[in-house]
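Structure data follow from data.txt (compact mmCIF, C-alpha atoms and all ligand atoms):
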# COMPACT_ATOMS: atom_id res chain seq x y z
CA MET A 1 -50.76 -32.78 -84.34
CA SER A 2 -49.35 -32.05 -87.79
CA PRO A 3 -50.34 -34.68 -90.40
CA ASP A 4 -46.73 -35.51 -91.23
CA VAL A 5 -45.89 -36.94 -87.77
CA ASP A 6 -47.17 -40.05 -85.97
CA PHE A 7 -46.00 -39.05 -82.46
CA ASP A 8 -44.79 -36.03 -80.52
CA ALA A 9 -41.82 -38.10 -79.34
CA VAL A 10 -40.22 -41.50 -79.95
CA VAL A 11 -38.08 -42.66 -77.05
CA VAL A 12 -35.33 -45.11 -78.02
CA GLY A 13 -34.56 -47.39 -75.05
CA GLY A 14 -36.85 -48.65 -72.34
CA GLY A 15 -34.37 -48.88 -69.47
CA PRO A 16 -35.27 -47.07 -66.23
CA VAL A 17 -34.86 -43.63 -67.79
CA GLY A 18 -36.84 -44.31 -70.99
CA LEU A 19 -39.67 -45.95 -69.02
CA PHE A 20 -39.82 -43.09 -66.53
CA LEU A 21 -39.80 -40.54 -69.36
CA GLY A 22 -42.71 -42.42 -70.94
CA CYS A 23 -44.68 -42.13 -67.69
CA ARG A 24 -43.97 -38.39 -67.50
CA LEU A 25 -44.94 -37.81 -71.14
CA ALA A 26 -48.17 -39.74 -70.56
CA ARG A 27 -48.95 -37.52 -67.57
CA ARG A 28 -48.40 -34.42 -69.73
CA GLY A 29 -50.72 -35.68 -72.45
CA LEU A 30 -48.11 -36.03 -75.21
CA SER A 31 -48.26 -38.79 -77.82
CA PHE A 32 -45.19 -41.04 -77.78
CA LEU A 33 -43.74 -44.50 -78.26
CA VAL A 34 -40.96 -46.23 -76.28
CA LEU A 35 -38.92 -48.71 -78.35
CA GLU A 36 -36.90 -51.31 -76.42
CA GLN A 37 -34.80 -54.10 -77.87
CA ARG A 38 -35.01 -56.39 -74.83
CA GLU A 39 -38.03 -58.64 -74.29
CA ALA A 40 -37.91 -58.09 -70.49
CA PRO A 41 -35.94 -56.05 -67.91
CA PRO A 42 -32.45 -57.55 -67.44
CA PRO A 43 -32.07 -59.79 -64.35
CA HIS A 44 -28.93 -57.97 -63.07
CA SER A 45 -29.54 -55.96 -59.86
CA ARG A 46 -27.21 -53.08 -61.03
CA ALA A 47 -28.49 -49.78 -59.55
CA ILE A 48 -29.76 -50.35 -56.03
CA GLY A 49 -29.95 -46.89 -54.45
CA ILE A 50 -32.81 -44.48 -55.13
CA HIS A 51 -32.17 -41.07 -53.57
CA PRO A 52 -34.76 -38.64 -52.10
CA PRO A 53 -35.02 -36.28 -55.12
CA ALA A 54 -35.80 -39.22 -57.43
CA LEU A 55 -38.22 -40.68 -54.86
CA GLU A 56 -40.08 -37.36 -54.78
CA LEU A 57 -40.53 -37.54 -58.56
CA LEU A 58 -41.58 -41.18 -58.37
CA GLY A 59 -44.02 -40.21 -55.61
CA ARG A 60 -45.71 -37.74 -57.96
CA LEU A 61 -46.25 -40.61 -60.37
CA GLY A 62 -47.87 -42.67 -57.63
CA LEU A 63 -44.94 -45.08 -57.57
CA ALA A 64 -42.84 -44.31 -54.50
CA ASP A 65 -45.11 -46.20 -52.10
CA ARG A 66 -45.04 -49.32 -54.28
CA MET A 67 -41.26 -49.12 -54.40
CA VAL A 68 -40.91 -48.47 -50.69
CA ALA A 69 -43.07 -51.55 -50.01
CA ARG A 70 -40.55 -53.71 -51.92
CA GLY A 71 -37.28 -52.11 -50.84
CA VAL A 72 -35.16 -51.48 -47.76
CA LEU A 73 -35.09 -47.99 -46.22
CA ILE A 74 -31.50 -46.93 -45.56
CA ARG A 75 -31.81 -44.17 -42.98
CA GLY A 76 -28.13 -43.81 -42.26
CA ALA A 77 -24.60 -44.87 -43.02
CA LEU A 78 -21.73 -45.83 -40.78
CA VAL A 79 -18.16 -45.08 -41.80
CA ARG A 80 -15.54 -47.39 -40.28
CA GLY A 81 -11.77 -47.05 -40.35
CA GLU A 82 -9.03 -49.53 -39.46
CA ARG A 83 -9.74 -49.33 -35.73
CA GLY A 84 -13.44 -48.68 -35.47
CA VAL A 85 -16.19 -46.19 -36.29
CA LEU A 86 -15.08 -42.83 -37.75
CA GLY A 87 -18.54 -41.35 -37.86
CA GLU A 88 -22.14 -41.68 -38.88
CA LEU A 89 -24.44 -40.03 -41.43
CA GLU A 90 -28.16 -39.68 -40.79
CA PHE A 91 -30.50 -39.00 -43.67
CA SER A 92 -33.39 -37.90 -41.44
CA GLY A 93 -35.14 -34.62 -42.13
CA VAL A 94 -33.67 -34.01 -45.58
CA SER A 95 -36.85 -34.81 -47.55
CA PRO A 96 -40.38 -36.23 -47.32
CA TYR A 97 -38.43 -39.41 -48.10
CA PRO A 98 -35.68 -39.18 -45.46
CA PHE A 99 -33.83 -42.28 -46.64
CA ILE A 100 -32.12 -43.92 -49.61
CA LEU A 101 -34.27 -46.73 -50.92
CA ALA A 102 -32.41 -49.95 -51.69
CA LEU A 103 -34.21 -51.67 -54.54
CA PRO A 104 -32.62 -53.74 -57.33
CA GLN A 105 -32.81 -52.05 -60.74
CA ARG A 106 -34.83 -54.91 -62.27
CA ASP A 107 -37.60 -54.24 -59.67
CA THR A 108 -37.48 -50.51 -60.41
CA GLU A 109 -37.84 -51.23 -64.13
CA THR A 110 -40.65 -53.74 -63.58
CA LEU A 111 -42.63 -51.22 -61.51
CA LEU A 112 -42.01 -48.41 -64.01
CA GLU A 113 -43.17 -50.62 -66.86
CA ALA A 114 -46.35 -51.56 -64.99
CA ARG A 115 -47.06 -47.87 -64.27
CA LEU A 116 -46.48 -46.93 -67.91
CA HIS A 117 -48.93 -49.64 -68.91
CA GLU A 118 -51.53 -48.21 -66.47
CA LEU A 119 -51.03 -44.64 -67.69
CA ARG A 120 -50.88 -45.34 -71.45
CA PRO A 121 -51.19 -49.00 -72.49
CA GLY A 122 -49.42 -50.04 -75.69
CA THR A 123 -46.82 -47.25 -75.70
CA LEU A 124 -43.92 -49.61 -74.89
CA ARG A 125 -42.86 -51.85 -77.78
CA ARG A 126 -40.45 -54.56 -76.65
CA GLY A 127 -38.28 -56.78 -78.85
CA VAL A 128 -37.63 -54.03 -81.40
CA SER A 129 -34.20 -52.58 -82.27
CA VAL A 130 -33.83 -49.09 -83.62
CA VAL A 131 -31.40 -49.16 -86.56
CA ASP A 132 -31.61 -45.64 -87.97
CA VAL A 133 -32.71 -42.10 -87.15
CA ASP A 134 -33.12 -39.56 -89.92
CA ASP A 135 -33.38 -36.03 -88.58
CA GLY A 136 -35.37 -33.95 -91.07
CA THR A 137 -36.64 -30.37 -91.08
CA SER A 138 -40.34 -31.02 -90.34
CA HIS A 139 -39.93 -34.31 -88.43
CA ALA A 140 -37.51 -37.15 -87.65
CA THR A 141 -37.96 -40.68 -88.98
CA VAL A 142 -37.04 -43.64 -86.79
CA THR A 143 -36.43 -47.02 -88.43
CA TYR A 144 -36.63 -50.15 -86.30
CA ARG A 145 -36.60 -53.89 -86.79
CA ASP A 146 -38.87 -56.27 -84.90
CA ASN A 147 -37.77 -59.74 -83.78
CA ALA A 148 -39.28 -61.31 -86.90
CA GLY A 149 -36.84 -59.16 -88.91
CA GLU A 150 -39.56 -56.89 -90.29
CA VAL A 151 -38.59 -53.23 -90.73
CA HIS A 152 -40.89 -50.38 -89.57
CA GLN A 153 -40.73 -46.60 -89.67
CA VAL A 154 -42.33 -43.97 -87.45
CA ARG A 155 -42.22 -40.17 -87.71
CA ALA A 156 -41.94 -37.95 -84.68
CA ARG A 157 -41.39 -34.33 -83.77
CA PHE A 158 -38.59 -35.38 -81.40
CA VAL A 159 -36.45 -38.49 -80.98
CA VAL A 160 -35.06 -39.13 -77.50
CA GLY A 161 -31.96 -41.28 -77.10
CA ALA A 162 -32.46 -43.12 -73.81
CA ASP A 163 -30.42 -46.01 -75.15
CA GLY A 164 -27.60 -46.18 -72.60
CA HIS A 165 -23.94 -45.29 -72.67
CA ARG A 166 -23.25 -46.92 -76.05
CA SER A 167 -26.18 -44.93 -77.53
CA LEU A 168 -26.75 -45.51 -81.26
CA VAL A 169 -28.96 -42.40 -81.35
CA ARG A 170 -26.05 -40.28 -80.09
CA GLN A 171 -23.70 -41.81 -82.68
CA LEU A 172 -26.15 -41.33 -85.54
CA ALA A 173 -26.62 -37.69 -84.53
CA GLY A 174 -22.84 -37.22 -84.57
CA ILE A 175 -22.72 -36.01 -80.96
CA ALA A 176 -19.32 -36.54 -79.32
CA TYR A 177 -19.11 -38.27 -75.92
CA PRO A 178 -15.67 -37.32 -74.60
CA GLY A 179 -14.38 -38.73 -71.35
CA ARG A 180 -11.93 -41.15 -69.85
CA PRO A 181 -11.67 -44.31 -67.80
CA TYR A 182 -10.38 -44.10 -64.22
CA GLN A 183 -7.56 -46.26 -62.87
CA ASP A 184 -9.99 -47.71 -60.28
CA ARG A 185 -11.55 -51.16 -60.62
CA TYR A 186 -14.19 -52.72 -58.38
CA LEU A 187 -15.75 -56.07 -57.67
CA MET A 188 -19.37 -56.20 -56.62
CA GLY A 189 -21.58 -59.04 -55.46
CA ASP A 190 -24.91 -59.76 -53.74
CA PHE A 191 -24.82 -62.31 -50.88
CA GLU A 192 -26.99 -63.51 -48.03
CA ASP A 193 -26.64 -60.93 -45.26
CA THR A 194 -24.79 -62.55 -42.36
CA THR A 195 -23.79 -59.25 -40.74
CA THR A 196 -25.49 -57.50 -37.83
CA TYR A 197 -25.71 -54.23 -39.79
CA GLY A 198 -29.46 -54.45 -40.42
CA ALA A 199 -30.75 -51.61 -42.64
CA THR A 200 -27.58 -49.54 -42.22
CA ALA A 201 -25.12 -48.98 -45.06
CA VAL A 202 -21.55 -49.45 -43.88
CA ILE A 203 -18.50 -48.03 -45.61
CA HIS A 204 -15.21 -49.58 -44.47
CA VAL A 205 -12.41 -47.20 -45.43
CA THR A 206 -9.43 -49.53 -45.08
CA GLN A 207 -5.74 -49.32 -45.91
CA GLY A 208 -6.17 -51.85 -48.75
CA GLY A 209 -9.16 -50.02 -50.29
CA VAL A 210 -12.83 -49.41 -49.64
CA VAL A 211 -15.36 -52.13 -48.77
CA GLU A 212 -18.98 -50.97 -49.05
CA ALA A 213 -21.92 -52.96 -47.68
CA PHE A 214 -25.54 -52.06 -48.52
CA PRO A 215 -28.69 -53.82 -47.36
CA LEU A 216 -30.93 -55.34 -50.02
CA PRO A 217 -34.46 -56.78 -49.85
CA HIS A 218 -34.99 -60.47 -49.02
CA GLY A 219 -32.16 -60.68 -46.45
CA LYS A 220 -29.37 -59.95 -48.91
CA ARG A 221 -26.49 -57.52 -48.88
CA ARG A 222 -24.58 -55.84 -51.73
CA TRP A 223 -20.79 -55.73 -51.28
CA VAL A 224 -18.62 -53.44 -53.41
CA VAL A 225 -14.86 -53.57 -52.94
CA ARG A 226 -12.04 -51.75 -54.63
CA SER A 227 -10.22 -54.46 -56.52
CA GLU A 228 -6.46 -54.99 -56.54
CA PRO A 229 -4.03 -55.88 -59.33
CA GLY A 230 -3.90 -59.58 -60.19
CA LEU A 231 -7.17 -60.44 -58.39
CA ARG A 232 -9.05 -63.30 -60.13
CA GLU A 233 -12.42 -61.64 -59.39
CA GLY A 234 -14.49 -64.69 -58.46
CA ALA A 235 -16.96 -64.82 -55.53
CA GLU A 236 -14.31 -66.46 -53.29
CA ASP A 237 -11.82 -63.72 -54.16
CA LEU A 238 -14.36 -61.05 -53.25
CA CYS A 239 -15.11 -62.74 -49.91
CA ARG A 240 -11.39 -63.15 -49.19
CA LEU A 241 -10.82 -59.42 -49.79
CA ILE A 242 -13.74 -58.52 -47.51
CA HIS A 243 -12.29 -60.76 -44.79
CA THR A 244 -8.73 -59.44 -45.14
CA ARG A 245 -9.86 -55.82 -44.99
CA THR A 246 -12.69 -55.99 -42.42
CA GLY A 247 -12.43 -59.33 -40.59
CA LEU A 248 -15.99 -60.19 -41.71
CA HIS A 249 -16.91 -63.61 -43.12
CA VAL A 250 -19.25 -63.50 -46.11
CA PRO A 251 -20.29 -66.95 -47.36
CA ALA A 252 -19.19 -67.17 -51.03
CA SER A 253 -21.67 -70.00 -51.68
CA THR A 254 -24.61 -67.57 -51.18
CA CYS A 255 -23.52 -65.28 -54.04
CA SER A 256 -26.49 -64.48 -56.31
CA MET A 257 -24.79 -61.83 -58.49
CA LEU A 258 -21.16 -61.04 -59.18
CA SER A 259 -19.85 -58.24 -61.36
CA PRO A 260 -16.32 -56.88 -61.76
CA PHE A 261 -16.32 -53.42 -63.27
CA GLY A 262 -14.08 -50.58 -64.34
CA VAL A 263 -15.36 -47.01 -64.13
CA GLY A 264 -15.28 -43.99 -66.38
CA ARG A 265 -16.60 -40.48 -66.84
CA HIS A 266 -18.19 -39.25 -70.08
CA LEU A 267 -20.37 -36.29 -70.97
CA ALA A 268 -22.01 -35.67 -74.34
CA THR A 269 -20.87 -32.32 -75.80
CA ARG A 270 -24.54 -31.47 -76.31
CA PHE A 271 -27.80 -33.09 -75.23
CA VAL A 272 -29.85 -31.53 -78.04
CA LYS A 273 -29.15 -31.50 -81.78
CA GLY A 274 -31.93 -30.74 -84.25
CA ARG A 275 -34.82 -33.03 -83.29
CA VAL A 276 -32.62 -35.45 -81.33
CA VAL A 277 -32.36 -35.21 -77.54
CA LEU A 278 -30.22 -37.32 -75.19
CA VAL A 279 -31.14 -38.41 -71.67
CA GLY A 280 -29.69 -40.71 -68.96
CA ASP A 281 -26.54 -42.73 -69.66
CA ALA A 282 -26.76 -41.83 -73.34
CA ALA A 283 -25.95 -38.27 -72.26
CA HIS A 284 -23.54 -38.93 -69.38
CA GLU A 285 -21.67 -41.65 -67.58
CA VAL A 286 -20.64 -41.18 -63.96
CA SER A 287 -18.84 -43.75 -61.84
CA PRO A 288 -21.33 -46.00 -60.00
CA ILE A 289 -19.39 -45.37 -56.76
CA GLY A 290 -21.91 -43.22 -54.91
CA GLY A 291 -24.88 -44.73 -56.77
CA GLN A 292 -25.92 -41.70 -58.80
CA GLY A 293 -26.20 -42.72 -62.49
CA MET A 294 -29.80 -43.90 -62.61
CA ASN A 295 -30.95 -41.14 -60.25
CA LEU A 296 -29.35 -38.54 -62.48
CA GLY A 297 -31.17 -40.03 -65.48
CA LEU A 298 -34.55 -39.97 -63.71
CA LEU A 299 -34.03 -36.29 -62.87
CA ASP A 300 -33.06 -35.61 -66.50
CA ALA A 301 -36.24 -37.33 -67.69
CA ALA A 302 -38.46 -35.23 -65.44
CA ALA A 303 -36.87 -32.02 -66.74
CA LEU A 304 -37.02 -33.23 -70.34
CA ALA A 305 -40.73 -34.11 -70.21
CA GLY A 306 -41.53 -30.51 -69.25
CA ALA A 307 -39.24 -29.09 -71.95
CA LEU A 308 -40.75 -31.34 -74.64
CA GLU A 309 -44.26 -30.34 -73.65
CA GLN A 310 -43.37 -26.66 -73.95
CA GLU A 311 -41.74 -27.24 -77.35
CA VAL A 312 -44.69 -29.27 -78.64
CA ARG A 313 -47.27 -26.76 -77.42
CA GLY A 314 -45.18 -23.87 -78.72
CA GLU A 315 -44.85 -22.33 -75.28
CA GLY A 316 -41.08 -21.81 -75.52
CA SER A 317 -39.94 -18.22 -75.09
CA SER A 318 -36.92 -16.90 -77.00
CA ARG A 319 -34.71 -19.25 -74.93
CA SER A 320 -35.63 -22.72 -76.11
CA PRO A 321 -36.84 -25.02 -73.30
CA LEU A 322 -34.68 -27.81 -74.73
CA LEU A 323 -31.57 -25.66 -74.53
CA ALA A 324 -32.44 -24.81 -70.93
CA TYR A 325 -32.79 -28.57 -70.31
CA GLN A 326 -29.35 -29.13 -71.82
CA ARG A 327 -27.69 -26.44 -69.73
CA GLN A 328 -29.28 -27.48 -66.45
CA ARG A 329 -28.73 -31.22 -66.85
CA ARG A 330 -25.13 -30.96 -68.10
CA ARG A 331 -24.40 -29.02 -64.93
CA GLY A 332 -26.05 -31.78 -62.84
CA ALA A 333 -23.95 -34.44 -64.55
CA ARG A 334 -20.73 -32.51 -63.88
CA VAL A 335 -21.53 -32.15 -60.18
CA ALA A 336 -22.38 -35.87 -59.90
CA ALA A 337 -19.14 -36.84 -61.65
CA ARG A 338 -17.13 -34.70 -59.23
CA GLN A 339 -18.88 -36.28 -56.26
CA ALA A 340 -18.19 -39.78 -57.60
CA GLU A 341 -14.50 -38.79 -57.92
CA PHE A 342 -14.52 -37.63 -54.29
CA ASN A 343 -16.01 -40.99 -53.23
CA MET A 344 -13.43 -42.94 -55.23
CA PHE A 345 -10.56 -40.84 -53.88
CA PHE A 346 -11.48 -41.71 -50.28
CA GLY A 347 -11.75 -45.41 -51.21
CA ARG A 348 -8.28 -45.86 -52.68
CA PRO A 349 -5.54 -47.86 -50.92
CA VAL A 350 -3.11 -45.81 -48.81
CA ARG A 351 0.24 -46.54 -47.19
CA THR A 352 -0.72 -44.91 -43.88
CA PRO A 353 -4.44 -44.67 -43.08
CA GLY A 354 -4.05 -42.18 -40.17
CA PRO A 355 -4.19 -38.84 -42.04
CA ARG A 356 -7.17 -39.89 -44.17
CA GLU A 357 -9.04 -41.11 -41.09
CA ARG A 358 -8.43 -37.78 -39.33
CA VAL A 359 -9.91 -35.91 -42.33
CA LEU A 360 -12.92 -38.22 -42.39
CA ARG A 361 -13.53 -37.75 -38.65
CA VAL A 362 -13.67 -33.98 -39.16
CA MET A 363 -16.01 -34.33 -42.15
CA LEU A 364 -18.31 -36.66 -40.21
CA ALA A 365 -18.49 -34.44 -37.12
CA ARG A 366 -20.82 -31.50 -36.65
CA PRO A 367 -21.17 -28.97 -38.29
CA LEU A 368 -20.14 -30.66 -41.59
CA ARG A 369 -22.17 -33.85 -41.09
CA PRO A 370 -25.58 -32.51 -42.31
CA LEU A 371 -23.89 -31.05 -45.39
CA LEU A 372 -22.33 -34.42 -46.17
CA ALA A 373 -25.72 -36.13 -45.68
CA ARG A 374 -27.22 -33.71 -48.22
CA LEU A 375 -24.42 -34.44 -50.66
CA PHE A 376 -24.78 -38.20 -50.32
CA THR A 377 -28.53 -38.06 -50.90
CA MET A 378 -28.17 -35.90 -54.03
CA ARG A 379 -29.94 -32.92 -52.45
CA TRP A 380 -27.74 -30.57 -54.46
CA LEU A 381 -29.86 -31.20 -57.56
C1 LIG B 401 -22.32 -52.08 -61.51
C2 LIG B 401 -23.24 -50.89 -61.56
C3 LIG B 401 -23.87 -50.43 -60.39
C4 LIG B 401 -24.68 -49.30 -60.46
N1 LIG B 401 -25.27 -48.84 -59.30
C5 LIG B 401 -26.04 -47.72 -59.36
C6 LIG B 401 -26.74 -47.24 -58.18
O1 LIG B 401 -26.69 -47.81 -57.10
N2 LIG B 401 -27.50 -46.11 -58.32
C7 LIG B 401 -27.63 -45.46 -59.52
O2 LIG B 401 -28.33 -44.43 -59.57
N3 LIG B 401 -27.02 -45.91 -60.64
C8 LIG B 401 -26.24 -47.02 -60.59
N4 LIG B 401 -25.67 -47.50 -61.73
C9 LIG B 401 -25.89 -46.81 -63.01
C10 LIG B 401 -27.25 -47.22 -63.63
O3 LIG B 401 -27.31 -48.61 -63.76
C11 LIG B 401 -27.39 -46.53 -64.98
O4 LIG B 401 -27.10 -45.17 -64.81
C12 LIG B 401 -28.82 -46.69 -65.53
O5 LIG B 401 -29.08 -48.02 -65.90
C13 LIG B 401 -29.00 -45.79 -66.75
O6 LIG B 401 -30.31 -45.96 -67.24
P1 LIG B 401 -30.64 -45.66 -68.76
O7 LIG B 401 -32.09 -45.99 -68.92
O8 LIG B 401 -30.15 -44.31 -69.11
O9 LIG B 401 -29.74 -46.66 -69.61
P2 LIG B 401 -29.78 -48.25 -69.64
O10 LIG B 401 -30.12 -48.82 -68.31
O11 LIG B 401 -28.47 -48.67 -70.25
O12 LIG B 401 -30.98 -48.57 -70.63
C14 LIG B 401 -30.86 -48.36 -72.02
C15 LIG B 401 -31.89 -49.24 -72.71
O13 LIG B 401 -31.85 -48.98 -74.11
C16 LIG B 401 -31.99 -50.19 -74.81
N5 LIG B 401 -31.42 -50.00 -76.15
C17 LIG B 401 -30.12 -49.74 -76.46
N6 LIG B 401 -29.98 -49.60 -77.79
C18 LIG B 401 -31.21 -49.79 -78.33
C19 LIG B 401 -31.69 -49.78 -79.68
N7 LIG B 401 -30.88 -49.55 -80.73
N8 LIG B 401 -33.01 -50.02 -79.90
C20 LIG B 401 -33.86 -50.26 -78.84
N9 LIG B 401 -33.44 -50.29 -77.56
C21 LIG B 401 -32.12 -50.04 -77.30
C22 LIG B 401 -31.24 -51.20 -73.95
O14 LIG B 401 -31.66 -52.53 -74.20
C23 LIG B 401 -31.58 -50.74 -72.54
O15 LIG B 401 -32.72 -51.39 -72.01
C24 LIG B 401 -24.88 -48.65 -61.70
C25 LIG B 401 -24.27 -49.14 -62.86
C26 LIG B 401 -23.47 -50.24 -62.80
C27 LIG B 401 -22.81 -50.76 -64.07
Would you put the structure from the file into structure tokens?
Ligand SMILES: Cc1cc2nc3c(=O)[nH]c(=O)nc-3n(C[C@H](O)[C@H](O)[C@H](O)COP(=O)(O)OP(=O)(O)OC[C@H]3O[C@@H](n4cnc5c(N)ncnc54)[C@H](O)[C@@H]3O)c2cc1C
Amino acid sequence: MSPDVDFDAVVVGGGPVGLFLGCRLARRGLSFLVLEQREAPPPHSRAIGIHPPALELLGRLGLADRMVARGVLIRGALVRGERGVLGELEFSGVSPYPFILALPQRDTETLLEARLHELRPGTLRRGVSVVDVDDGTSHATVTYRDNAGEVHQVRARFVVGADGHRSLVRQLAGIAYPGRPYQDRYLMGDFEDTTTYGATAVIHVTQGGVVEAFPLPHGKRRWVVRSEPGLREGAEDLCRLIHTRTGLHVPASTCSMLSPFGVGRHLATRFVKGRVVLVGDAAHEVSPIGGQGMNLGLLDAAALAGALEQEVRGEGSSRSPLLAYQRQRRRGARVAARQAEFNMFFGRPVRTPGPRERVLRVMLARPLRPLLARLFTMRWL
């Protein structure tokens, strides 16, 4: 390594994407540091669905089995309309991991952190906030403050912004993040599972708006409903909406997490500028309806680790590996955003449910059903 740098890469942000990138860089033998402002993974369950392509990557890191042991294997989904089942999706046969793994994001982050510690102890620094990035010609300098208020600097060949959708790294690099909010608003909560759905995900496409129900570990279930104007958005309000739309009783007193959220779509105009590279939510935001955001970020990180290694080892041909990373992953983000829009469209309230239900029946019947199963498990990536 050149004497004027301390690391090949400094990764700003140790969320799921930054931690996973650290593991991949460790595997490729690069020197790096992950800087994370939080002292521990946040308690919120947030992303719960890990799709087959991401599981395959996690499997190569020796992590998929540990995750599978803690999660629930969703092997299929049932789509219900106003008067019963419209169709079923089976995820069998689409991958060595023929299921979507339901695992709360805090567990995913805890397992990733433990794996990073096994692969390269000491590379994650928690409780430190990055405050500046200076992108120079021979290296970039990252300035961060520890929780005692002391200021430190490190020099790296590349700085990766894995610092989420409000990314300071992106702002400091002057990279635009155009996009827009959608009109849709949702209310999500985790409750004790009192349904008979077992490990099946059930999507209720009702006249008043979608009600999604996903199994979680430890006998819980995640409910996501499309909200309605004027709703107070407490646990009781969520349970009342579920009951009005599906007839199911969910006990509000068992709520362990509640989160109202609006959704938006953003895409950084570039993922690479000088020595700064963006990854995960720092590079793109897609609506969580469809559960793709974290998966997209993990796939970005896998591609980025390879591109960084080529850049560091000088193996890039005339077309820079980082520019190839940018092109490929911006395309992935656009496809995911379009799919999330498709999911949201089918979950909006309608005056007459009949026509939409007829379309869904066709889409869920052979020969379209396997295609839809591929789409919903992110096999297009
Ligand atoms: C309600 C909801 C449900 C979701 N459900 C799903 C789902 O089922 N499936 C799915 O794939 N995705 C889902 N997502 C999206 C998913 O949560 C995100 O895409 C994912 O967290 C992005 O990971 P990340 O590491 O890029 O960013 P983040 O998780 O935002 O992590 C960024 C990290 O950077 C740190 N950081 C920020 N600034 C600094 C700084 N200056 N210095 C040091 N550290 C810094 C932060 O503390 C944070 O830990 C959901 C999102 C929401 C809101």
Measuring atom to atom with all atoms listed in the file, identify which of A:Gly49, A:Gly29, A:Gly209, A:Gly280 is nearest to Leu119 of chain A. A:Gly29
I'd like to know which of A:Pro215, A:Pro251, A:Gly293, A:Gly306 is closest to ligand LIG 401 (chain B), using only C-alpha atoms and all ligand atoms.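 Selected residue with least distance to ligand LIG 401 (chain B): A:Gly293.
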Between A:Pro16, A:Gly262, A:Pro104, A:Gly189, single out the one closest to Arg70 of chain A, counting all atoms listed in the file.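 Checking each candidate against Arg70 of chain A, we get A:Pro104 as the closest.
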Surrounding residues as a PyMOL selection string, ligand LIG 401 (chain B), max 6 Å, all atoms listed in the file: chain A and resi 12-18+35-38+46-49+128-131+162-164+168+280-282+288+291-295+297
With all atoms listed in the file as the atoms that count, which of A:Phe346, A:Phe376, A:Phe271, A:Phe7 lies nearest to Val34 of chain A?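 The answer is A:Phe7, which sits nearest to Val34 of chain A.
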Residue among A:Val211, A:Val263, A:Val224, A:Leu86 lying closest to Asp184 of chain A, counting all atoms listed in the file: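 Selected residue with least distance to Asp184 of chain A: A:Val263.
For the set A:Ala324, A:Ala26, A:Leu308, A:Leu103, the residue with the smallest atom-to-atom gap to Gly122 of chain A is A:Ala26, counting all atoms listed in the file.
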May I have the protein, DNA and RNA residues with an atom at most 7 Å from (-22.2, -50.4, -46.8), counting only C-alpha atoms in the file's coordinates, returned as an MDAnalysis selection string? chainID A and resid 201:203 212:214
What does the distance from atom CA of Leu278 of chain A to atom CA of Gln339 of chain A come to in Å, to one decimal?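 Value for the atom CA of Leu278 of chain A-atom CA of Gln339 of chain A distance: 22.1 Å.
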List every protein, DNA or RNA residue that has an atom no more than 12 Å from (-20.8, -29.7, -74.2) in the file's coordinate frame, counting all atoms listed in the file, and report them as a PDB file with C-alpha atoms, keeping the file's coordinate frame.
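Generated output (part.pdb):
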ATOM      1  CA  ILE A 175     -22.720 -36.010 -80.960  1.00  0.00           C
ATOM      2  CA  ALA A 176     -19.320 -36.540 -79.320  1.00  0.00           C
ATOM      3  CA  TYR A 177     -19.110 -38.270 -75.920  1.00  0.00           C
ATOM      4  CA  PRO A 178     -15.670 -37.320 -74.600  1.00  0.00           C
ATOM      5  CA  GLY A 179     -14.380 -38.730 -71.350  1.00  0.00           C
ATOM      6  CA  HIS A 266     -18.190 -39.250 -70.080  1.00  0.00           C
ATOM      7  CA  LEU A 267     -20.370 -36.290 -70.970  1.00  0.00           C
ATOM      8  CA  ALA A 268     -22.010 -35.670 -74.340  1.00  0.00           C
ATOM      9  CA  THR A 269     -20.870 -32.320 -75.800  1.00  0.00           C
ATOM     10  CA  ARG A 270     -24.540 -31.470 -76.310  1.00  0.00           C
ATOM     11  CA  PHE A 271     -27.800 -33.090 -75.230  1.00  0.00           C
ATOM     12  CA  VAL A 272     -29.850 -31.530 -78.040  1.00  0.00           C
ATOM     13  CA  LYS A 273     -29.150 -31.500 -81.780  1.00  0.00           C
ATOM     14  CA  ALA A 283     -25.950 -38.270 -72.260  1.00  0.00           C
ATOM     15  CA  HIS A 284     -23.540 -38.930 -69.380  1.00  0.00           C
ATOM     16  CA  LEU A 323     -31.570 -25.660 -74.530  1.00  0.00           C
ATOM     17  CA  GLN A 326     -29.350 -29.130 -71.820  1.00  0.00           C
ATOM     18  CA  ARG A 327     -27.690 -26.440 -69.730  1.00  0.00           C
ATOM     19  CA  GLN A 328     -29.280 -27.480 -66.450  1.00  0.00           C
ATOM     20  CA  ARG A 329     -28.730 -31.220 -66.850  1.00  0.00           C
ATOM     21  CA  ARG A 330     -25.130 -30.960 -68.100  1.00  0.00           C
ATOM     22  CA  ARG A 331     -24.400 -29.020 -64.930  1.00  0.00           C
ATOM     23  CA  ALA A 333     -23.950 -34.440 -64.550  1.00  0.00           C
ATOM     24  CA  ARG A 334     -20.730 -32.510 -63.880  1.00  0.00           C
TER      25      ARG A 334
END
Which neighbours of Glu228 of chain A fall inside 10 Å, counting all atoms listed in the file, when residues of the same chain fewer than 2 positions from it are skipped, and could you give them as a compact mmCIF listing (two decimals) with C-alpha atoms, keeping the file's coordinate frame?
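Saved file selection-v7.txt follows:
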# COMPACT_ATOMS: atom_id res chain seq x y z
CA ASP A 184 -9.99 -47.71 -60.28
CA ARG A 185 -11.55 -51.16 -60.62
CA TYR A 186 -14.19 -52.72 -58.38
CA LEU A 187 -15.75 -56.07 -57.67
CA GLY A 208 -6.17 -51.85 -48.75
CA GLY A 209 -9.16 -50.02 -50.29
CA VAL A 225 -14.86 -53.57 -52.94
CA ARG A 226 -12.04 -51.75 -54.63
CA GLY A 230 -3.90 -59.58 -60.19
CA LEU A 231 -7.17 -60.44 -58.39
CA ARG A 232 -9.05 -63.30 -60.13
CA GLU A 233 -12.42 -61.64 -59.39
CA LEU A 241 -10.82 -59.42 -49.79
CA PRO A 349 -5.54 -47.86 -50.92
